Amino acid sequence: MAYGKTMASPSRRLNYHTNPGGDIARPIGISFILIAMTPLVILPLTSIFIFGFGKGLDHFWEALVSPAAVFSLKLSLTTSSVATLCNVVFGLTAAWVMSKYEFKGSAALIIIISLPTAIPTAVAGTALLLVWGRSGLLGQFLEHTDYQIMFTTAAIILANIFVTFPLAFGVIKPALDNLDKSYEDAAETMGASRWQAFRFVVLPSLRGAIITGALLTFARSIGEFGSTIIVSGNLAMKTQTAPLYIYTRFNEGDFEGANAIAAVLAALSIAIFSLILFTRKRLEK
Amino acid sequence: MVYQAQDHLPKLARAIFAGCLALLLIIESSGCRRKSAAAREATITIYGFSVVKEGLETSILPDYKQEWEKKTRQQLTFETSYAGSEIVTNLIVAGAEADVAILAIERNADRLIRPEVTRNDWRKLPYGGIVNKTPMVIVVRRGNPKGIRDFSDLAKPGVGLIHCDPASSGAGQWSLLAIYGSELIKSEKRTGFRDERKAFDLLQRVWKNLKASPESARVARTQFERGEGEALITYELEAMQLLDKKLPVEIIMPKATIFSEHPVVIIDHAMSPPKYAMVELFVRSLWEPAAQAAWVNSHFRSVMDEKLNEKFPKIEMPFYVKDLGGWSKAYPEIVEGVWKHKIQVSGAGTN
């Protein structure tokens, strides 16, 4: 995770050319980026907004405030927030433990933590079903209780946690690794408890990494689809997240309704990544 | 800061306590808990195959809710989810809390009959549990540029066919039976015996023109609507809804085609007797004249009243799955034996 690294260490922007006007590589480089990005990324993104607003602002607004749409957005925001909270707390703890202590199997543990990014989300959803479903490894014990995990909001949160599991850890761990250990040690020599050393020395310098990790987790989580559609049951006004709502609208042929919500999610992502950049810049100063 | 050492333990404890409380709150509020008995009594959760949506949502459910609340002065909420028939069935088997399932094929309804899902014999409902029907038809672009008159024309070169995926969608399976069965019925009429070789040959040639196999009838319709493919095999009601939307398409009624029939199942696992009574009342209302008229309004054909069906075109040689020996014979022989093991593996879109 490059975000964390650049944050903890002072950024090194090397200016090879003090005279930008004379450097032909600059305009060529920039145009290359833009030309390559246009068909790959920019056009598809633009189409969301073109179709979202295609039938006018009234139609966009109407699509946006329909109860099922509002519900799905709210559900996505809450489930993603909970998942983010869990993964940041876990990521921070795991990163701290692993950068502080060397132990057998820590490499294997890191690989396991990182695995969820590489696993197809549909597999993740099915795997959750095999654990928490009616005849699942753990689900079978819940079957005769008052509690149910699959096809509830809890299932959506579990799916979000699974697919975004390594993100916060991945940002915080390198930041911690780059942290100068002597401050923490010094604090402890001066009589600070381990908790105090962590709370007043380590934590403040990790602020940027934690915020970035949280935002990345949140952004990825709010767009999660593949696992959610398997574990949630896709009940409108109950377990239908924003991506599922969008998918359902697409299937119905309602491209405008779908893109109205998609535009909101896209705008949200823009805000999140601006925030990440802003945090980085501020903390690097 | 070091001198505050004593203060931090309580702080940490408080933080942990707050965390636990928050988690508990989440678990309690997020619906992790099964619904309280009272809430469950006042809600009917319906999982339907993709195309029953209009009929239910535009009139049947709101009308029933209104009447129920007027009669009993009790609130009634409907929760709904729609997807391909096989997908819906899998969700319910996996534990999704449904009260009623409306499915595209009998085999899916039978898959639900297991102790942890339902013991309810859906065949004992009115009309053998079949709530509505619709024939499988071909949809083409306006003017019928490829000159398609019957299933056999779908094998012509250059006809890109949109055909639902039989693995996930009921329409996909009905469509296989329609194509394959049409040749059986026709050959029987001509020669007195059913020519299975000819039927196989037809299905194989049609399958070679496959352009896309979407997961449900509704997704297939949307793809066709957006300009993919030259022909689409789907339910008549889907085709008529396309015409309602004033889209430039035409419906081709094959000479011989199958009526798809759609069962309703009450999922009685974990249902209290009063809840069961309420759900059964609702389910039986689906066969009342008002509901049958509502189905016909959304272009299903009625299973009850042929008078309601007068608005639909006549079919020269209509047939039902019972003419193919019922699902218990048609599924293993045609869907699995012919399509899955012989045609699908030989490759689609190879023309």
# chains A, B, ... in the order shown; residues from 1 in each chain; ligands from 1
call {"tool": "residues_around", "arguments": {"residues": "Thr77 of chain B", "least_positions_apart": "4", "cutoff": "7 Å", "atoms": "only C-alpha atoms", "output": "PDB file with C-alpha atoms, in the first residue's frame"}}
result
ATOM      1  CA  ALA B  42     -47.598  -8.747  10.318  1.00  0.00           C
ATOM      2  CA  THR B  43     -45.174  -9.313   7.449  1.00  0.00           C
ATOM      3  CA  ILE B  44     -45.331 -11.574   4.430  1.00  0.00           C
TER       4      ILE B  44
END
call {"tool": "residues_around", "arguments": {"residues": "segment 331-344 of chain B", "least_positions_apart": "3", "cutoff": "12 Å", "atoms": "only C-alpha atoms", "output": "ChimeraX atom specification"}}
result
/B:105-108,165-167,170,172-181,184,196-197,199-208,210,213,321-322,324-328,347-350
call {"tool": "write_last_selection", "arguments": {"atoms": "C-alpha atoms", "output": "CSV table (one decimal), in the first residue's frame"}}
result
chain,number,residue,atom,x,y,z
B,105,ILE,CA,-40.7,-24.3,-12.5
B,106,GLU,CA,-42.2,-27.2,-10.6
B,107,ARG,CA,-38.8,-28.7,-10.0
B,108,ASN,CA,-37.7,-25.7,-8.0
B,165,ASP,CA,-29.4,-19.5,-19.0
B,166,PRO,CA,-31.1,-22.8,-18.1
B,167,ALA,CA,-28.8,-23.2,-15.2
B,170,GLY,CA,-36.7,-21.1,-15.3
B,172,GLY,CA,-34.2,-20.9,-19.9
B,173,GLN,CA,-35.5,-24.4,-19.1
B,174,TRP,CA,-39.0,-23.7,-20.4
B,175,SER,CA,-37.4,-22.4,-23.6
B,176,LEU,CA,-35.4,-25.6,-24.1
B,177,LEU,CA,-38.6,-27.6,-23.6
B,178,ALA,CA,-40.4,-25.3,-26.1
B,179,ILE,CA,-37.9,-25.8,-28.9
B,180,TYR,CA,-37.3,-29.5,-28.3
B,181,GLY,CA,-40.9,-30.3,-27.6
B,184,LEU,CA,-41.8,-33.8,-30.9
B,196,GLU,CA,-36.4,-37.3,-30.9
B,197,ARG,CA,-33.5,-37.2,-33.4
B,199,ALA,CA,-35.9,-32.5,-32.0
B,200,PHE,CA,-32.3,-32.9,-30.8
B,201,ASP,CA,-31.0,-31.7,-34.2
B,202,LEU,CA,-33.2,-28.6,-34.0
B,203,LEU,CA,-32.1,-27.6,-30.5
B,204,GLN,CA,-28.5,-28.1,-31.4
B,205,ARG,CA,-28.7,-26.0,-34.5
B,206,VAL,CA,-30.5,-23.2,-32.6
B,207,TRP,CA,-28.0,-23.3,-29.8
B,208,LYS,CA,-25.2,-22.7,-32.2
B,210,LEU,CA,-26.5,-18.4,-29.1
B,213,SER,CA,-27.3,-16.5,-22.0
B,321,VAL,CA,-45.0,-30.1,-19.7
B,322,LYS,CA,-47.4,-33.0,-18.9
B,324,LEU,CA,-43.6,-34.4,-22.3
B,325,GLY,CA,-44.2,-36.7,-19.3
B,326,GLY,CA,-44.1,-34.0,-16.6
B,327,TRP,CA,-41.0,-32.3,-15.1
B,328,SER,CA,-39.9,-35.5,-13.4
B,347,GLY,CA,-20.3,-25.3,-27.5
B,348,ALA,CA,-22.6,-22.3,-28.1
B,349,GLY,CA,-22.3,-19.6,-30.7
B,350,THR,CA,-20.2,-21.9,-33.0
call {"tool": "closest_atom_pairs", "arguments": {"of": "chain A", "to": "chain B", "cutoff": "6 Å", "atoms": "only C-alpha atoms", "output": "CSV"}}
result
residue,atom,partner,partner_atom,distance
A:Arg134,CA,B:Gly95,CA,5.4
A:Asp146,CA,B:Arg34,CA,5.6
A:Tyr147,CA,B:Arg33,CA,4.6
A:Gln148,CA,B:Cys32,CA,5.6
A:Ile149,CA,B:Cys32,CA,5.6
A:Phe151,CA,B:Ala96,CA,5.7
A:Thr152,CA,B:Cys32,CA,5.7
A:Thr153,CA,B:Ser30,CA,5.5
A:Ala154,CA,B:Cys32,CA,5.6
A:Ala192,CA,B:Val2,CA,5.2
A:Leu235,CA,B:Ser81,CA,4.8
A:Asn251,CA,B:Val219,CA,4.9
A:Gly253,CA,B:Thr222,CA,5.1
call {"tool": "write_last_selection", "arguments": {"atoms": "C-alpha atoms", "output": "mmCIF file, in the first residue's frame"}}
result
data_model
loop_
_atom_site.group_PDB
_atom_site.id
_atom_site.type_symbol
_atom_site.label_atom_id
_atom_site.label_comp_id
_atom_site.auth_asym_id
_atom_site.auth_seq_id
_atom_site.Cartn_x
_atom_site.Cartn_y
_atom_site.Cartn_z
ATOM 1 C CA ARG A 134 -28.434 -22.916 7.701
ATOM 2 C CA ASP A 146 -33.420 -16.632 17.907
ATOM 3 C CA TYR A 147 -30.440 -15.379 15.976
ATOM 4 C CA GLN A 148 -29.667 -15.538 12.325
ATOM 5 C CA ILE A 149 -26.654 -14.171 10.509
ATOM 6 C CA PHE A 151 -29.673 -12.785 4.913
ATOM 7 C CA THR A 152 -29.581 -10.039 7.552
ATOM 8 C CA THR A 153 -27.656 -6.797 7.885
ATOM 9 C CA ALA A 154 -25.060 -8.728 9.854
ATOM 10 C CA ALA A 192 5.258 5.279 30.498
ATOM 11 C CA LEU A 235 -34.774 -7.835 -0.110
ATOM 12 C CA ASN A 251 -31.801 -5.600 -14.790
ATOM 13 C CA GLY A 253 -33.821 -1.769 -17.851
#
call {"tool": "residues_around", "arguments": {"residues": "Val52 of chain B", "least_positions_apart": "5", "cutoff": "12 Å", "atoms": "only C-alpha atoms", "output": "PyMOL selection string"}}
result
chain B and resi 46-47+57-61+80-85+101-104+131-134+217-218+235+237-238+241+262-264+294-300
call {"tool": "select_by_dssp", "arguments": {"residues": "segment 5-198 of chain B", "states": "strand (DSSP E or B)", "output": "PyMOL selection string"}}
result
chain B and resi 33+43-49+77-83+100-102+113-114+118+130-141+161-163
call {"tool": "closest_residue", "arguments": {"among": "A:Gly125, A:Gly139, A:Pro116, A:Gly223", "to": "Ser72 of chain A", "atoms": "only C-alpha atoms"}}
result
A:Gly223
call {"tool": "residues_around", "arguments": {"residues": "Ile210 of chain A", "least_positions_apart": "3", "cutoff": "12 Å", "atoms": "only C-alpha atoms", "output": "MDAnalysis selection string"}}
result
chainID A and resid 3:4 7:8 84:85 87:93 95 167:176 202:207 213:218 276 279:280 283
call {"tool": "residues_around", "arguments": {"residues": "segment 245-249 of chain A", "least_positions_apart": "3", "cutoff": "8 Å", "atoms": "only C-alpha atoms", "output": "PyMOL selection string"}}
result
chain A and resi 68-69+72+236+240-242+252-255+257-259+261-262
call {"tool": "write_last_selection", "arguments": {"atoms": "N, CA and C atoms", "output": "compact mmCIF listing (two decimals), in the first residue's frame"}}
result
# COMPACT_ATOMS: atom_id res chain seq x y z
N ALA A 68 -36.89 3.18 -1.76
CA ALA A 68 -35.97 2.05 -1.85
C ALA A 68 -34.54 2.53 -2.11
N ALA A 69 -34.40 3.61 -2.89
CA ALA A 69 -33.06 4.13 -3.18
C ALA A 69 -32.44 4.73 -1.92
N SER A 72 -31.44 2.04 0.46
CA SER A 72 -30.25 1.29 0.07
C SER A 72 -28.98 2.10 0.34
N ALA A 236 -35.71 -5.81 -1.05
CA ALA A 236 -35.86 -4.35 -1.14
C ALA A 236 -36.29 -3.80 0.21
N GLN A 240 -31.20 -4.70 0.88
CA GLN A 240 -30.72 -4.31 -0.44
C GLN A 240 -29.80 -3.10 -0.32
N THR A 241 -28.49 -3.32 -0.51
CA THR A 241 -27.53 -2.22 -0.43
C THR A 241 -27.58 -1.42 -1.74
N ALA A 242 -26.89 -0.30 -1.74
CA ALA A 242 -26.92 0.56 -2.94
C ALA A 242 -26.44 -0.18 -4.20
N GLU A 252 -33.82 -4.31 -14.64
CA GLU A 252 -35.16 -3.91 -15.04
C GLU A 252 -35.13 -3.02 -16.27
N GLY A 253 -33.93 -2.65 -16.70
CA GLY A 253 -33.82 -1.77 -17.85
C GLY A 253 -33.93 -0.30 -17.48
N ASP A 254 -33.97 0.01 -16.19
CA ASP A 254 -34.08 1.40 -15.75
C ASP A 254 -32.68 1.98 -15.57
N PHE A 255 -32.04 2.33 -16.68
CA PHE A 255 -30.66 2.79 -16.62
C PHE A 255 -30.53 4.14 -15.93
N GLY A 257 -32.53 5.36 -13.46
CA GLY A 257 -32.68 5.14 -12.02
C GLY A 257 -31.42 4.55 -11.43
N ALA A 258 -30.84 3.59 -12.15
CA ALA A 258 -29.62 2.94 -11.67
C ALA A 258 -28.48 3.95 -11.60
N ASN A 259 -28.34 4.73 -12.66
CA ASN A 259 -27.20 5.65 -12.72
C ASN A 259 -27.34 6.82 -11.77
N ILE A 261 -28.25 6.60 -8.66
CA ILE A 261 -27.60 6.12 -7.44
C ILE A 261 -26.11 5.91 -7.68
N ALA A 262 -25.79 5.39 -8.87
CA ALA A 262 -24.38 5.18 -9.19
C ALA A 262 -23.62 6.51 -9.15
call {"tool": "atom_distance", "arguments": {"atom1": "atom CA of Phe278 of chain A", "atom2": "atom CA of Val264 of chain A"}}
result
20.8 Å
call {"tool": "residues_around", "arguments": {"residues": "Asp185 of chain A", "least_positions_apart": "6", "cutoff": "10 Å", "atoms": "only C-alpha atoms", "output": "PyMOL selection string"}}
result
chain A and resi 191-192+194+197+201
call {"tool": "write_last_selection", "arguments": {"atoms": "N, CA and C atoms", "output": "short mmCIF file (atom, residue, chain, number, x, y, z; two decimals), in the first residue's frame"}}
result
data_model
loop_
_atom_site.label_atom_id
_atom_site.label_comp_id
_atom_site.auth_asym_id
_atom_site.auth_seq_id
_atom_site.Cartn_x
_atom_site.Cartn_y
_atom_site.Cartn_z
N GLY A 191 9.17 5.63 31.95
CA GLY A 191 8.18 5.18 32.91
C GLY A 191 6.77 5.11 32.36
N ALA A 192 6.60 5.39 31.07
CA ALA A 192 5.26 5.28 30.50
C ALA A 192 4.87 3.82 30.40
N ARG A 194 2.98 0.62 28.63
CA ARG A 194 2.94 0.25 27.22
C ARG A 194 1.77 0.95 26.53
N ALA A 197 2.63 4.62 25.99
CA ALA A 197 3.57 4.79 24.89
C ALA A 197 2.83 4.67 23.55
N VAL A 201 2.50 8.21 21.87
CA VAL A 201 3.65 8.32 20.97
C VAL A 201 3.35 7.71 19.60
#
call {"tool": "residues_around", "arguments": {"residues": "segment 80-83 of chain A", "least_positions_apart": "4", "cutoff": "6 Å", "atoms": "only C-alpha atoms", "output": "number ranges by chain"}}
result
A: 76, 157, 160-161, 218, 221-222
call {"tool": "write_last_selection", "arguments": {"atoms": "C-alpha atoms", "output": "short mmCIF file (atom, residue, chain, number, x, y, z; two decimals), in the first residue's frame"}}
result
data_model
loop_
_atom_site.label_atom_id
_atom_site.label_comp_id
_atom_site.auth_asym_id
_atom_site.auth_seq_id
_atom_site.Cartn_x
_atom_site.Cartn_y
_atom_site.Cartn_z
CA SER A 76 -24.66 0.87 2.50
CA ILE A 157 -21.30 -6.39 7.37
CA ASN A 160 -17.80 -6.14 3.83
CA ILE A 161 -15.32 -7.02 6.55
CA PHE A 218 -14.90 2.49 3.45
CA SER A 221 -16.77 -1.52 1.17
CA ILE A 222 -19.50 0.76 -0.07
#
call {"tool": "atom_distance", "arguments": {"atom1": "atom CA of Ala159 of chain A", "atom2": "atom CA of Pro214 of chain B"}}
result
25.2 Å
call {"tool": "select_by_dssp", "arguments": {"residues": "segment 104-134 of chain A", "states": "alpha helix (DSSP H)", "output": "PyMOL selection string"}}
result
chain A and resi 106-114+121-132
call {"tool": "write_last_selection", "arguments": {"atoms": "N, CA and C atoms", "output": "PDB file, in the first residue's frame"}}
result
ATOM      1  N   SER A 106       4.677 -15.397  11.418  1.00  0.00           N
ATOM      2  CA  SER A 106       4.098 -14.070  11.171  1.00  0.00           C
ATOM      3  C   SER A 106       4.002 -13.794   9.670  1.00  0.00           C
ATOM      4  N   ALA A 107       4.930 -14.351   8.906  1.00  0.00           N
ATOM      5  CA  ALA A 107       4.865 -14.179   7.448  1.00  0.00           C
ATOM      6  C   ALA A 107       3.603 -14.853   6.907  1.00  0.00           C
ATOM      7  N   ALA A 108       3.352 -16.060   7.412  1.00  0.00           N
ATOM      8  CA  ALA A 108       2.155 -16.788   6.976  1.00  0.00           C
ATOM      9  C   ALA A 108       0.903 -16.003   7.346  1.00  0.00           C
ATOM     10  N   LEU A 109       0.928 -15.402   8.514  1.00  0.00           N
ATOM     11  CA  LEU A 109      -0.222 -14.640   8.987  1.00  0.00           C
ATOM     12  C   LEU A 109      -0.490 -13.444   8.073  1.00  0.00           C
ATOM     13  N   ILE A 110       0.591 -12.791   7.668  1.00  0.00           N
ATOM     14  CA  ILE A 110       0.433 -11.634   6.771  1.00  0.00           C
ATOM     15  C   ILE A 110      -0.187 -12.080   5.451  1.00  0.00           C
ATOM     16  N   ILE A 111       0.274 -13.234   4.968  1.00  0.00           N
ATOM     17  CA  ILE A 111      -0.295 -13.734   3.711  1.00  0.00           C
ATOM     18  C   ILE A 111      -1.786 -14.013   3.881  1.00  0.00           C
ATOM     19  N   ILE A 112      -2.157 -14.616   5.007  1.00  0.00           N
ATOM     20  CA  ILE A 112      -3.568 -14.932   5.224  1.00  0.00           C
ATOM     21  C   ILE A 112      -4.404 -13.651   5.320  1.00  0.00           C
ATOM     22  N   ILE A 113      -3.853 -12.667   6.021  1.00  0.00           N
ATOM     23  CA  ILE A 113      -4.581 -11.393   6.142  1.00  0.00           C
ATOM     24  C   ILE A 113      -4.796 -10.775   4.766  1.00  0.00           C
ATOM     25  N   SER A 114      -3.800 -10.917   3.895  1.00  0.00           N
ATOM     26  CA  SER A 114      -3.879 -10.274   2.582  1.00  0.00           C
ATOM     27  C   SER A 114      -4.750 -11.039   1.595  1.00  0.00           C
ATOM     28  N   THR A 121     -15.052 -12.216  -5.160  1.00  0.00           N
ATOM     29  CA  THR A 121     -16.034 -11.857  -4.136  1.00  0.00           C
ATOM     30  C   THR A 121     -17.175 -12.872  -4.071  1.00  0.00           C
ATOM     31  N   ALA A 122     -17.506 -13.486  -5.219  1.00  0.00           N
ATOM     32  CA  ALA A 122     -18.573 -14.491  -5.188  1.00  0.00           C
ATOM     33  C   ALA A 122     -18.148 -15.674  -4.320  1.00  0.00           C
ATOM     34  N   VAL A 123     -16.861 -16.003  -4.386  1.00  0.00           N
ATOM     35  CA  VAL A 123     -16.349 -17.091  -3.547  1.00  0.00           C
ATOM     36  C   VAL A 123     -16.434 -16.687  -2.077  1.00  0.00           C
ATOM     37  N   ALA A 124     -16.111 -15.411  -1.805  1.00  0.00           N
ATOM     38  CA  ALA A 124     -16.194 -14.923  -0.432  1.00  0.00           C
ATOM     39  C   ALA A 124     -17.623 -15.066   0.095  1.00  0.00           C
ATOM     40  N   GLY A 125     -18.594 -14.681  -0.720  1.00  0.00           N
ATOM     41  CA  GLY A 125     -19.991 -14.774  -0.298  1.00  0.00           C
ATOM     42  C   GLY A 125     -20.388 -16.209  -0.023  1.00  0.00           C
ATOM     43  N   THR A 126     -20.021 -17.094  -0.942  1.00  0.00           N
ATOM     44  CA  THR A 126     -20.364 -18.499  -0.757  1.00  0.00           C
ATOM     45  C   THR A 126     -19.688 -19.056   0.485  1.00  0.00           C
ATOM     46  N   ALA A 127     -18.435 -18.643   0.703  1.00  0.00           N
ATOM     47  CA  ALA A 127     -17.711 -19.137   1.873  1.00  0.00           C
ATOM     48  C   ALA A 127     -18.415 -18.714   3.164  1.00  0.00           C
ATOM     49  N   LEU A 128     -18.894 -17.476   3.199  1.00  0.00           N
ATOM     50  CA  LEU A 128     -19.629 -17.015   4.381  1.00  0.00           C
ATOM     51  C   LEU A 128     -20.883 -17.850   4.591  1.00  0.00           C
ATOM     52  N   LEU A 129     -21.528 -18.160   3.473  1.00  0.00           N
ATOM     53  CA  LEU A 129     -22.737 -18.981   3.534  1.00  0.00           C
ATOM     54  C   LEU A 129     -22.410 -20.367   4.102  1.00  0.00           C
ATOM     55  N   LEU A 130     -21.236 -20.863   3.737  1.00  0.00           N
ATOM     56  CA  LEU A 130     -20.850 -22.195   4.200  1.00  0.00           C
ATOM     57  C   LEU A 130     -20.473 -22.189   5.679  1.00  0.00           C
ATOM     58  N   VAL A 131     -20.189 -21.010   6.211  1.00  0.00           N
ATOM     59  CA  VAL A 131     -19.907 -20.924   7.645  1.00  0.00           C
ATOM     60  C   VAL A 131     -21.169 -20.610   8.433  1.00  0.00           C
ATOM     61  N   TRP A 132     -21.929 -19.581   7.968  1.00  0.00           N
ATOM     62  CA  TRP A 132     -23.034 -19.070   8.769  1.00  0.00           C
ATOM     63  C   TRP A 132     -24.404 -19.503   8.269  1.00  0.00           C
TER      64      TRP A 132
END
call {"tool": "decode", "arguments": {"residues": "segment 75-98 of chain B", "atoms": "C-alpha atoms", "output": "PDB file, in the first residue's frame"}}
result
ATOM      1  CA  GLN B  75     -50.955  -3.434   9.530  1.00  0.00           C
ATOM      2  CA  LEU B  76     -49.629  -5.754   6.853  1.00  0.00           C
ATOM      3  CA  THR B  77     -46.217  -5.395   5.209  1.00  0.00           C
ATOM      4  CA  PHE B  78     -44.983  -7.185   2.124  1.00  0.00           C
ATOM      5  CA  GLU B  79     -41.274  -7.742   1.635  1.00  0.00           C
ATOM      6  CA  THR B  80     -40.199  -8.813  -1.825  1.00  0.00           C
ATOM      7  CA  SER B  81     -37.142 -10.032  -3.681  1.00  0.00           C
ATOM      8  CA  TYR B  82     -36.951 -11.087  -7.319  1.00  0.00           C
ATOM      9  CA  ALA B  83     -34.332 -13.072  -9.233  1.00  0.00           C
ATOM     10  CA  GLY B  84     -34.012 -16.072 -11.539  1.00  0.00           C
ATOM     11  CA  SER B  85     -36.068 -19.018 -10.316  1.00  0.00           C
ATOM     12  CA  GLU B  86     -33.108 -21.269  -9.527  1.00  0.00           C
ATOM     13  CA  ILE B  87     -31.385 -18.417  -7.694  1.00  0.00           C
ATOM     14  CA  VAL B  88     -34.474 -17.703  -5.584  1.00  0.00           C
ATOM     15  CA  THR B  89     -34.768 -21.387  -4.742  1.00  0.00           C
ATOM     16  CA  ASN B  90     -31.123 -21.589  -3.709  1.00  0.00           C
ATOM     17  CA  LEU B  91     -31.491 -18.557  -1.435  1.00  0.00           C
ATOM     18  CA  ILE B  92     -34.476 -20.076   0.354  1.00  0.00           C
ATOM     19  CA  VAL B  93     -32.792 -23.453   0.715  1.00  0.00           C
ATOM     20  CA  ALA B  94     -29.767 -21.657   2.169  1.00  0.00           C
ATOM     21  CA  GLY B  95     -31.981 -20.102   4.825  1.00  0.00           C
ATOM     22  CA  ALA B  96     -33.435 -16.847   3.487  1.00  0.00           C
ATOM     23  CA  GLU B  97     -36.564 -16.199   5.528  1.00  0.00           C
ATOM     24  CA  ALA B  98     -39.311 -16.417   2.923  1.00  0.00           C
TER      25      ALA B  98
END
